[in-house]
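Peer 1: My structure file input15.txt, compact mmCIF, C-alpha atoms, is below:
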```
# COMPACT_ATOMS: atom_id res chain seq x y z
CA ARG A 29 27.57 -10.42 2.32
CA LYS A 30 25.18 -8.27 4.35
CA GLU A 31 21.73 -7.74 2.87
CA VAL A 32 22.01 -3.96 2.90
CA GLU A 33 25.36 -2.23 3.22
CA GLN A 34 26.14 1.41 3.81
CA ASP A 35 29.24 3.41 4.61
CA PRO A 36 28.71 4.34 8.26
CA GLY A 37 30.50 7.67 7.88
CA PRO A 38 30.51 10.12 9.49
CA PHE A 39 30.32 12.52 6.60
CA ASN A 40 31.25 15.97 7.88
CA VAL A 41 30.32 18.63 5.35
CA PRO A 42 29.98 22.44 5.45
CA GLU A 43 26.64 24.14 5.00
CA GLY A 44 25.73 24.49 1.35
CA ALA A 45 27.73 21.47 0.25
CA THR A 46 26.41 18.64 -1.86
CA VAL A 47 26.78 15.18 -0.39
CA ALA A 48 25.96 11.74 -1.75
CA PHE A 49 25.43 8.41 -0.02
CA ASN A 50 25.41 5.02 -1.64
CA CYS A 51 23.91 1.78 -0.48
CA THR A 52 24.23 -1.72 -1.92
CA TYR A 53 21.80 -4.60 -1.50
CA SER A 54 22.35 -8.30 -2.00
CA ASN A 55 18.91 -9.62 -2.93
CA SER A 56 18.35 -9.07 -6.64
CA ALA A 57 14.64 -9.84 -6.16
CA SER A 58 14.18 -6.75 -3.98
CA GLN A 59 11.33 -4.65 -5.24
CA SER A 60 10.92 -1.59 -3.06
CA PHE A 61 13.53 0.82 -1.83
CA PHE A 62 13.44 3.70 0.63
CA TRP A 63 15.58 6.20 2.45
CA TYR A 64 14.72 6.83 6.08
CA ARG A 65 16.17 9.49 8.33
CA GLN A 66 16.91 8.97 12.01
CA ASP A 67 17.78 11.83 14.31
CA CYS A 68 19.78 11.17 17.46
CA ARG A 69 17.71 9.29 20.03
CA LYS A 70 14.63 9.46 17.81
CA GLU A 71 12.74 6.93 15.72
CA PRO A 72 13.38 6.51 11.98
CA LYS A 73 11.13 8.49 9.65
CA LEU A 74 10.53 8.00 5.96
CA LEU A 75 12.49 10.49 3.88
CA MET A 76 11.56 9.26 0.43
CA SER A 77 10.83 6.21 -1.64
CA VAL A 78 13.22 5.31 -4.45
CA TYR A 79 11.77 4.64 -7.88
CA SER A 80 13.41 3.01 -10.85
CA SER A 81 13.26 6.23 -12.81
CA GLY A 82 14.83 8.19 -9.97
CA ASN A 83 12.97 10.81 -8.02
CA GLU A 84 13.56 14.20 -6.56
CA ASP A 85 12.04 15.98 -3.58
CA GLY A 86 13.37 19.48 -3.18
CA ARG A 87 17.07 19.26 -2.33
CA PHE A 88 16.98 15.46 -2.18
CA THR A 89 17.43 13.14 -5.14
CA ALA A 90 17.23 9.35 -4.94
CA GLN A 91 18.33 6.95 -7.65
CA LEU A 92 18.21 3.21 -8.13
CA ASN A 93 20.59 1.11 -10.21
CA ARG A 94 19.13 -2.38 -10.41
CA ALA A 95 21.92 -3.79 -12.54
CA SER A 96 24.53 -2.88 -9.94
CA GLN A 97 22.13 -3.29 -7.02
CA TYR A 98 22.76 0.05 -5.45
CA ILE A 99 20.72 3.02 -4.32
CA SER A 100 21.95 6.55 -3.90
CA LEU A 101 20.81 9.67 -2.08
CA LEU A 102 22.04 13.11 -3.07
CA ILE A 103 21.53 16.11 -0.83
CA ARG A 104 22.14 19.52 -2.35
CA ASP A 105 22.71 22.79 -0.49
CA SER A 106 23.09 21.00 2.86
CA LYS A 107 21.48 22.59 5.90
CA LEU A 108 22.43 22.21 9.53
CA SER A 109 19.07 20.50 10.03
CA ASP A 110 20.09 17.75 7.60
CA SER A 111 22.44 16.36 10.25
CA ALA A 112 21.13 12.89 11.00
CA THR A 113 21.68 9.22 10.18
CA TYR A 114 20.33 8.16 6.80
CA LEU A 115 19.06 4.59 6.58
CA CYS A 116 18.88 2.68 3.33
CA VAL A 117 15.90 0.32 3.35
CA VAL A 118 15.03 -2.54 1.01
CA LYS A 119 11.94 -4.72 0.73
CA GLY A 120 11.90 -8.17 -0.84
CA PHE A 121 9.68 -9.53 -3.55
CA SER A 122 6.92 -11.04 -1.44
CA GLY A 123 4.34 -8.66 -0.06
CA ASN A 124 4.79 -10.17 3.37
CA THR A 125 8.52 -9.70 3.78
CA PRO A 126 9.64 -7.10 6.28
CA LEU A 127 11.82 -4.18 5.35
CA VAL A 128 15.57 -4.70 5.72
CA PHE A 129 17.40 -1.71 7.13
CA GLY A 130 21.00 -0.78 6.57
CA LYS A 131 22.98 0.38 9.59
CA GLY A 132 22.88 3.93 8.34
CA THR A 133 25.25 6.68 7.25
CA ARG A 134 25.82 9.52 9.67
CA LEU A 135 25.86 13.04 8.28
CA SER A 136 27.03 16.12 10.17
CA VAL A 137 26.53 19.47 8.49
CA ILE A 138 28.82 22.06 9.98
CA ALA A 139 28.30 25.84 10.04
CA GLY B 27 -3.75 12.14 13.27
CA ALA B 28 -2.48 9.81 15.98
CA GLY B 29 0.76 8.06 15.24
CA VAL B 30 2.21 4.85 16.64
CA SER B 31 2.48 4.99 20.40
CA GLN B 32 4.57 2.84 22.68
CA SER B 33 4.68 2.38 26.41
CA PRO B 34 6.50 2.67 28.65
CA SER B 35 8.88 5.19 27.13
CA ASN B 36 11.59 4.05 29.53
CA LYS B 37 11.96 0.87 31.56
CA VAL B 38 14.67 -0.02 34.04
CA THR B 39 14.60 -3.56 35.33
CA GLU B 40 16.79 -6.02 37.12
CA LYS B 41 18.42 -8.98 35.45
CA GLY B 42 16.14 -12.00 35.56
CA LYS B 43 12.87 -10.07 35.68
CA ASP B 44 10.23 -10.22 32.94
CA VAL B 45 9.19 -7.10 31.05
CA GLU B 46 6.26 -6.32 28.80
CA LEU B 47 6.39 -3.61 26.16
CA ARG B 48 3.29 -2.28 24.46
CA CYS B 49 2.66 -0.90 20.98
CA ASP B 50 -0.48 0.85 19.74
CA PRO B 51 -0.30 0.99 15.94
CA ILE B 52 -1.99 3.49 13.67
CA SER B 53 -5.61 2.55 13.28
CA GLY B 54 -6.26 0.52 10.14
CA HIS B 55 -2.66 -0.52 9.59
CA THR B 56 -2.60 -4.26 8.97
CA ALA B 57 1.11 -4.81 9.45
CA LEU B 58 3.02 -4.39 12.70
CA TYR B 59 6.74 -4.82 13.27
CA TRP B 60 9.04 -4.95 16.27
CA TYR B 61 12.70 -4.00 16.03
CA ARG B 62 15.41 -3.33 18.52
CA GLN B 63 18.29 -0.93 18.25
CA SER B 64 21.33 -1.07 20.49
CA LEU B 65 23.33 2.09 21.08
CA GLY B 66 25.05 3.18 17.88
CA GLN B 67 23.81 0.15 15.97
CA GLY B 68 21.33 -0.43 13.17
CA LEU B 69 17.80 -1.75 13.45
CA GLU B 70 17.47 -5.44 14.24
CA PHE B 71 14.22 -7.03 13.04
CA LEU B 72 12.46 -9.09 15.70
CA ILE B 73 8.95 -10.06 14.62
CA TYR B 74 6.30 -9.12 12.08
CA PHE B 75 2.50 -9.43 12.13
CA GLN B 76 0.42 -9.15 8.97
CA GLY B 77 -3.34 -9.29 9.34
CA ASN B 78 -4.50 -12.71 10.50
CA SER B 79 -1.46 -14.55 9.11
CA ALA B 80 0.95 -16.39 11.35
CA PRO B 81 3.60 -13.95 12.56
CA ASP B 82 7.12 -14.01 11.15
CA LYS B 83 9.19 -14.71 14.26
CA SER B 84 12.46 -15.27 12.43
CA GLY B 85 14.20 -12.33 14.09
CA LEU B 86 13.54 -13.23 17.71
CA PRO B 87 16.97 -13.75 19.30
CA SER B 88 15.92 -16.41 21.80
CA ASP B 89 12.91 -18.18 23.26
CA ARG B 90 12.87 -15.61 26.04
CA PHE B 91 11.29 -13.24 23.55
CA SER B 92 7.67 -13.49 22.48
CA ALA B 93 5.05 -11.17 21.07
CA GLU B 94 1.31 -11.10 20.63
CA ARG B 95 -1.03 -8.95 18.64
CA THR B 96 -4.56 -8.99 19.96
CA GLY B 97 -7.51 -8.27 17.71
CA GLY B 98 -5.23 -7.13 14.93
CA SER B 99 -4.37 -3.97 16.81
CA VAL B 100 -2.35 -3.60 20.02
CA SER B 101 0.80 -5.66 20.34
CA THR B 102 2.88 -6.62 23.35
CA LEU B 103 6.48 -7.78 23.29
CA THR B 104 7.46 -9.84 26.31
CA ILE B 105 11.00 -10.54 27.39
CA GLN B 106 11.36 -13.18 30.06
CA ARG B 107 14.30 -13.48 32.44
CA THR B 108 15.92 -10.34 31.06
CA GLN B 109 19.66 -10.21 30.53
CA GLN B 110 21.94 -7.18 30.38
CA GLU B 111 22.44 -7.69 26.65
CA ASP B 112 18.69 -7.10 26.19
CA SER B 113 19.28 -3.42 26.96
CA ALA B 114 18.30 -1.48 23.85
CA VAL B 115 15.60 0.68 22.34
CA TYR B 116 12.65 -1.43 21.23
CA LEU B 117 10.86 0.14 18.28
CA CYS B 118 7.46 -0.72 16.94
CA ALA B 119 6.29 0.22 13.46
CA SER B 120 2.99 -0.16 11.67
CA SER B 121 2.30 -0.10 7.98
CA PRO B 122 -0.66 0.01 5.63
CA GLN B 123 1.47 -1.47 2.86
CA ASP B 124 5.17 -0.73 2.36
CA THR B 125 5.93 2.48 4.23
CA GLN B 126 6.55 1.93 7.92
CA TYR B 127 5.66 4.45 10.59
CA PHE B 128 7.63 4.12 13.77
CA GLY B 129 6.70 4.75 17.35
CA PRO B 130 9.05 6.64 19.67
CA GLY B 131 10.38 3.42 21.15
CA THR B 132 10.84 1.98 24.62
CA ARG B 133 14.31 2.37 26.12
CA LEU B 134 15.01 -0.74 28.14
CA LEU B 135 17.86 -0.88 30.62
CA VAL B 136 18.61 -4.15 32.36
CA LEU B 137 20.79 -3.74 35.42
```
Here is a file; write its structure as structure tokens.

Peer 2:
Amino acid sequence: RKEVEQDPGPFNVPEGATVAFNCTYSNSASQSFFWYRQDCRKEPKLLMSVYSSGNEDGRFTAQLNRASQYISLLIRDSKLSDSATYLCVVKGFSGNTPLVFGKGTRLSVIA
Amino acid sequence: GAGVSQSPSNKVTEKGKDVELRCDPISGHTALYWYRQSLGQGLEFLIYFQGNSAPDKSGLPSDRFSAERTGGSVSTLTIQRTQQEDSAVYLCASSPQDTQYFGPGTRLLVL
């Protein structure tokens, strides 16, 4: 089983739609979770951290389910500018372990 | 403030030649990571430096790959006797703790 798994998509949605991505991770000792965004031919950039209690940043909501070992990202009122690849990222227990990146889910928001 | 910078931004080389890629992390960041990303693929972890600790080299694909971090700051990734399958974007990231900040990458093409 891969450490971090995501549906590669693409998700093609109209402007204004709500879209949700899920991500599963295999290491139950993982402690920190993030969503990164990567635009075409650009470097990944942090979108938001994912907290146990769930967190919201504007149109974006991230949730963590430790029991089922999955993370979700919900985007409401999609904009054309949301088109990108969304990377699920997990960090292990030890402070010195590197982040593990999923392969990403591609989103295309269509006018 | 200044972000992570990488040089060169693009490198074309011939099979069998050595290449050296440079990363300037954000000042004060103790952790530095190298990844590579092939076209349409996810991030592949290569090597990780944390302060003065021995680097985590577990992701290096072969002994042709090596990396150094001098003075806890600038890092160079060296690929010896390049092969066509080494063609990819090589991304560097630095981190003060968990969040990673990526450089723009070096696009390497081995002919």

Peer 1: Do me a favour and pick out the residues of chain A within 12 Å of chain B, using all atoms listed in the file, as an NGL selection string.

Peer 2: :A and (32-34 or 36 or 59-78 or 113-134)

Peer 1: Could you tell me, as an MDAnalysis selection string, which residues have any atom at most 8 Å from (23.0, 18.2, 12.2), counting all atoms listed in the file?

Peer 2: chainID A and resid 107:112 135:138

Peer 1: If you keep C-alpha atoms, can you produce a file of those selected residues as an mmCIF file, in the coordinates of the input?

Peer 2:
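That gives us out31.cif:
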```cif
data_model
loop_
_atom_site.group_PDB
_atom_site.id
_atom_site.type_symbol
_atom_site.label_atom_id
_atom_site.label_comp_id
_atom_site.auth_asym_id
_atom_site.auth_seq_id
_atom_site.Cartn_x
_atom_site.Cartn_y
_atom_site.Cartn_z
ATOM 1 C CA LYS A 107 21.480 22.590 5.900
ATOM 2 C CA LEU A 108 22.430 22.210 9.530
ATOM 3 C CA SER A 109 19.070 20.500 10.030
ATOM 4 C CA ASP A 110 20.090 17.750 7.600
ATOM 5 C CA SER A 111 22.440 16.360 10.250
ATOM 6 C CA ALA A 112 21.130 12.890 11.000
ATOM 7 C CA LEU A 135 25.860 13.040 8.280
ATOM 8 C CA SER A 136 27.030 16.120 10.170
ATOM 9 C CA VAL A 137 26.530 19.470 8.490
ATOM 10 C CA ILE A 138 28.820 22.060 9.980
#
```

Peer 1: Counting only C-alpha atoms, figure out which residue out of B:Lys83, B:Arg62, B:Arg90, B:His55 gets nearest to Lys43 (chain B).

Peer 2: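 Nearest to Lys43 (chain B): B:Arg90.
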
Peer 1: I'd like the interatomic distance between CA of Asn93 (chain A) and CA of Tyr61 (chain B), to a tenth of an Å.

Peer 2: 27.9 Å

Peer 1: Can you work out which one of B:Ile52, B:Ala28, B:Ser99, B:Ser64 has the shortest atom-to-atom distance to Asn78 (chain B), counting all atoms listed in the file?

Peer 2: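 Among the listed residues, B:Ser99 lies closest to Asn78 (chain B).
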
Peer 1: Please indicate the distance in Å from CA of Tyr116 (chain B) to CA of Gly42 (chain B), rounded to one decimal place.

Peer 2: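 So the two atoms, CA of Tyr116 (chain B) and CA of Gly42 (chain B), lie 18.1 Å apart.
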
Peer 1: What's the separation between CA of Gly97 (chain B) and CA of Asp44 (chain B), in Å to one decimal place?

Peer 2: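 Those two atoms sit 23.5 Å apart.
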
Peer 1: Which residues, protein or nucleic acid, reach to within 10 Å of (-0.5, -8.3, 21.8) in the file's coordinates when using all atoms listed in the file, and can you give that as number ranges by chain?

Peer 2: B: 46-50, 92-104

Peer 1: Within 7 Å of Thr56 (chain B), counting only C-alpha atoms, which residues qualify if same-chain residues fewer than 3 places away don't, as a PyMOL selection string?

Peer 2: chain B and resi 76-77+121-122

Peer 1: Quick one: of B:Ser35, B:Ser88, B:Val45, B:Leu72, who's nearest to Ile105 (chain B), counting all atoms listed in the file?

Peer 2: B:Val45

Peer 1: Using only C-alpha atoms, pick whichever of A:Ser96, A:Asn40, A:Gln91, A:Ser80 has the shortest atom-to-atom distance to Asn55 (chain A).

Peer 2: A:Ser96

Peer 1: Excluding same-chain residues fewer than 5 positions from Gly86 (chain A), what lies within 12 Å of it counting all atoms listed in the file, as number ranges by chain?

Peer 2: A: 75-76, 102-106

Peer 1: Would you mind putting back all heavy atoms on region 65-76 of chain B, then writing it out as a PDB file, in the frame of the given file?

Peer 2:
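Everything below was put into rebuild_8.pdb:
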```pdb
ATOM      1  N   LEU B  65      22.683   0.787  21.193  1.00  0.00           N
ATOM      2  CA  LEU B  65      23.330   2.090  21.080  1.00  0.00           C
ATOM      3  C   LEU B  65      24.328   2.103  19.931  1.00  0.00           C
ATOM      4  O   LEU B  65      25.235   1.267  19.869  1.00  0.00           O
ATOM      5  CB  LEU B  65      24.029   2.449  22.393  1.00  0.00           C
ATOM      6  CG  LEU B  65      24.547   3.881  22.502  1.00  0.00           C
ATOM      7  CD1 LEU B  65      23.391   4.866  22.438  1.00  0.00           C
ATOM      8  CD2 LEU B  65      25.337   4.050  23.796  1.00  0.00           C
ATOM      9  N   GLY B  66      24.123   3.026  18.997  1.00  0.00           N
ATOM     10  CA  GLY B  66      25.050   3.180  17.880  1.00  0.00           C
ATOM     11  C   GLY B  66      24.950   2.105  16.819  1.00  0.00           C
ATOM     12  O   GLY B  66      25.778   2.057  15.907  1.00  0.00           O
ATOM     13  N   GLN B  67      23.951   1.250  16.922  1.00  0.00           N
ATOM     14  CA  GLN B  67      23.810   0.150  15.970  1.00  0.00           C
ATOM     15  C   GLN B  67      22.594   0.359  15.073  1.00  0.00           C
ATOM     16  O   GLN B  67      21.774   1.244  15.296  1.00  0.00           O
ATOM     17  CB  GLN B  67      23.665  -1.177  16.722  1.00  0.00           C
ATOM     18  CG  GLN B  67      24.843  -1.516  17.613  1.00  0.00           C
ATOM     19  CD  GLN B  67      26.129  -1.651  16.809  1.00  0.00           C
ATOM     20  OE1 GLN B  67      26.180  -2.368  15.810  1.00  0.00           O
ATOM     21  NE2 GLN B  67      27.174  -0.958  17.234  1.00  0.00           N
ATOM     22  N   GLY B  68      22.471  -0.486  14.058  1.00  0.00           N
ATOM     23  CA  GLY B  68      21.330  -0.430  13.170  1.00  0.00           C
ATOM     24  C   GLY B  68      20.120  -1.123  13.765  1.00  0.00           C
ATOM     25  O   GLY B  68      20.156  -1.647  14.876  1.00  0.00           O
ATOM     26  N   LEU B  69      19.036  -1.110  13.014  1.00  0.00           N
ATOM     27  CA  LEU B  69      17.800  -1.750  13.450  1.00  0.00           C
ATOM     28  C   LEU B  69      17.899  -3.257  13.271  1.00  0.00           C
ATOM     29  O   LEU B  69      18.300  -3.744  12.222  1.00  0.00           O
ATOM     30  CB  LEU B  69      16.626  -1.227  12.627  1.00  0.00           C
ATOM     31  CG  LEU B  69      16.197   0.199  12.912  1.00  0.00           C
ATOM     32  CD1 LEU B  69      15.238   0.681  11.853  1.00  0.00           C
ATOM     33  CD2 LEU B  69      15.558   0.289  14.272  1.00  0.00           C
ATOM     34  N   GLU B  70      17.491  -3.976  14.301  1.00  0.00           N
ATOM     35  CA  GLU B  70      17.470  -5.440  14.240  1.00  0.00           C
ATOM     36  C   GLU B  70      16.014  -5.889  14.233  1.00  0.00           C
ATOM     37  O   GLU B  70      15.271  -5.636  15.188  1.00  0.00           O
ATOM     38  CB  GLU B  70      18.199  -6.010  15.465  1.00  0.00           C
ATOM     39  CG  GLU B  70      18.188  -7.519  15.546  1.00  0.00           C
ATOM     40  CD  GLU B  70      18.770  -8.033  16.857  1.00  0.00           C
ATOM     41  OE1 GLU B  70      19.181  -7.206  17.692  1.00  0.00           O
ATOM     42  OE2 GLU B  70      18.805  -9.251  17.045  1.00  0.00           O
ATOM     43  N   PHE B  71      15.595  -6.533  13.155  1.00  0.00           N
ATOM     44  CA  PHE B  71      14.220  -7.030  13.040  1.00  0.00           C
ATOM     45  C   PHE B  71      13.965  -8.127  14.056  1.00  0.00           C
ATOM     46  O   PHE B  71      14.787  -9.032  14.232  1.00  0.00           O
ATOM     47  CB  PHE B  71      13.998  -7.556  11.616  1.00  0.00           C
ATOM     48  CG  PHE B  71      12.769  -8.397  11.450  1.00  0.00           C
ATOM     49  CD1 PHE B  71      11.510  -7.810  11.472  1.00  0.00           C
ATOM     50  CD2 PHE B  71      12.862  -9.763  11.288  1.00  0.00           C
ATOM     51  CE1 PHE B  71      10.374  -8.586  11.317  1.00  0.00           C
ATOM     52  CE2 PHE B  71      11.734 -10.543  11.131  1.00  0.00           C
ATOM     53  CZ  PHE B  71      10.486  -9.951  11.155  1.00  0.00           C
ATOM     54  N   LEU B  72      12.821  -8.067  14.713  1.00  0.00           N
ATOM     55  CA  LEU B  72      12.460  -9.090  15.700  1.00  0.00           C
ATOM     56  C   LEU B  72      11.297  -9.953  15.221  1.00  0.00           C
ATOM     57  O   LEU B  72      11.410 -11.161  15.110  1.00  0.00           O
ATOM     58  CB  LEU B  72      12.106  -8.433  17.038  1.00  0.00           C
ATOM     59  CG  LEU B  72      13.219  -7.659  17.739  1.00  0.00           C
ATOM     60  CD1 LEU B  72      12.695  -7.018  19.017  1.00  0.00           C
ATOM     61  CD2 LEU B  72      14.400  -8.557  18.037  1.00  0.00           C
ATOM     62  N   ILE B  73      10.154  -9.300  14.952  1.00  0.00           N
ATOM     63  CA  ILE B  73       8.950 -10.060  14.620  1.00  0.00           C
ATOM     64  C   ILE B  73       8.019  -9.183  13.803  1.00  0.00           C
ATOM     65  O   ILE B  73       8.057  -7.952  13.909  1.00  0.00           O
ATOM     66  CB  ILE B  73       8.249 -10.579  15.906  1.00  0.00           C
ATOM     67  CG1 ILE B  73       7.103 -11.535  15.580  1.00  0.00           C
ATOM     68  CG2 ILE B  73       7.771  -9.416  16.757  1.00  0.00           C
ATOM     69  CD1 ILE B  73       6.568 -12.285  16.811  1.00  0.00           C
ATOM     70  N   TYR B  74       7.159  -9.830  13.000  1.00  0.00           N
ATOM     71  CA  TYR B  74       6.300  -9.120  12.080  1.00  0.00           C
ATOM     72  C   TYR B  74       4.929  -9.781  12.069  1.00  0.00           C
ATOM     73  O   TYR B  74       4.826 -10.996  11.946  1.00  0.00           O
ATOM     74  CB  TYR B  74       6.965  -9.181  10.706  1.00  0.00           C
ATOM     75  CG  TYR B  74       6.123  -8.941   9.492  1.00  0.00           C
ATOM     76  CD1 TYR B  74       5.370  -7.785   9.357  1.00  0.00           C
ATOM     77  CD2 TYR B  74       6.109  -9.861   8.439  1.00  0.00           C
ATOM     78  CE1 TYR B  74       4.631  -7.558   8.208  1.00  0.00           C
ATOM     79  CE2 TYR B  74       5.375  -9.638   7.294  1.00  0.00           C
ATOM     80  CZ  TYR B  74       4.628  -8.482   7.185  1.00  0.00           C
ATOM     81  OH  TYR B  74       3.897  -8.253   6.047  1.00  0.00           O
ATOM     82  N   PHE B  75       3.890  -8.969  12.210  1.00  0.00           N
ATOM     83  CA  PHE B  75       2.500  -9.430  12.130  1.00  0.00           C
ATOM     84  C   PHE B  75       1.868  -8.820  10.881  1.00  0.00           C
ATOM     85  O   PHE B  75       2.006  -7.627  10.622  1.00  0.00           O
ATOM     86  CB  PHE B  75       1.700  -8.950  13.349  1.00  0.00           C
ATOM     87  CG  PHE B  75       2.171  -9.505  14.656  1.00  0.00           C
ATOM     88  CD1 PHE B  75       3.150  -8.839  15.383  1.00  0.00           C
ATOM     89  CD2 PHE B  75       1.641 -10.678  15.168  1.00  0.00           C
ATOM     90  CE1 PHE B  75       3.586  -9.334  16.601  1.00  0.00           C
ATOM     91  CE2 PHE B  75       2.067 -11.179  16.384  1.00  0.00           C
ATOM     92  CZ  PHE B  75       3.042 -10.503  17.107  1.00  0.00           C
ATOM     93  N   GLN B  76       1.140  -9.640  10.143  1.00  0.00           N
ATOM     94  CA  GLN B  76       0.420  -9.150   8.970  1.00  0.00           C
ATOM     95  C   GLN B  76      -0.985  -9.720   9.012  1.00  0.00           C
ATOM     96  O   GLN B  76      -1.185 -10.921   8.796  1.00  0.00           O
ATOM     97  CB  GLN B  76       1.126  -9.563   7.679  1.00  0.00           C
ATOM     98  CG  GLN B  76       0.347  -9.245   6.413  1.00  0.00           C
ATOM     99  CD  GLN B  76       0.133  -7.767   6.182  1.00  0.00           C
ATOM    100  OE1 GLN B  76       1.073  -6.986   6.171  1.00  0.00           O
ATOM    101  NE2 GLN B  76      -1.121  -7.369   6.022  1.00  0.00           N
TER     102      GLN B  76
END
```
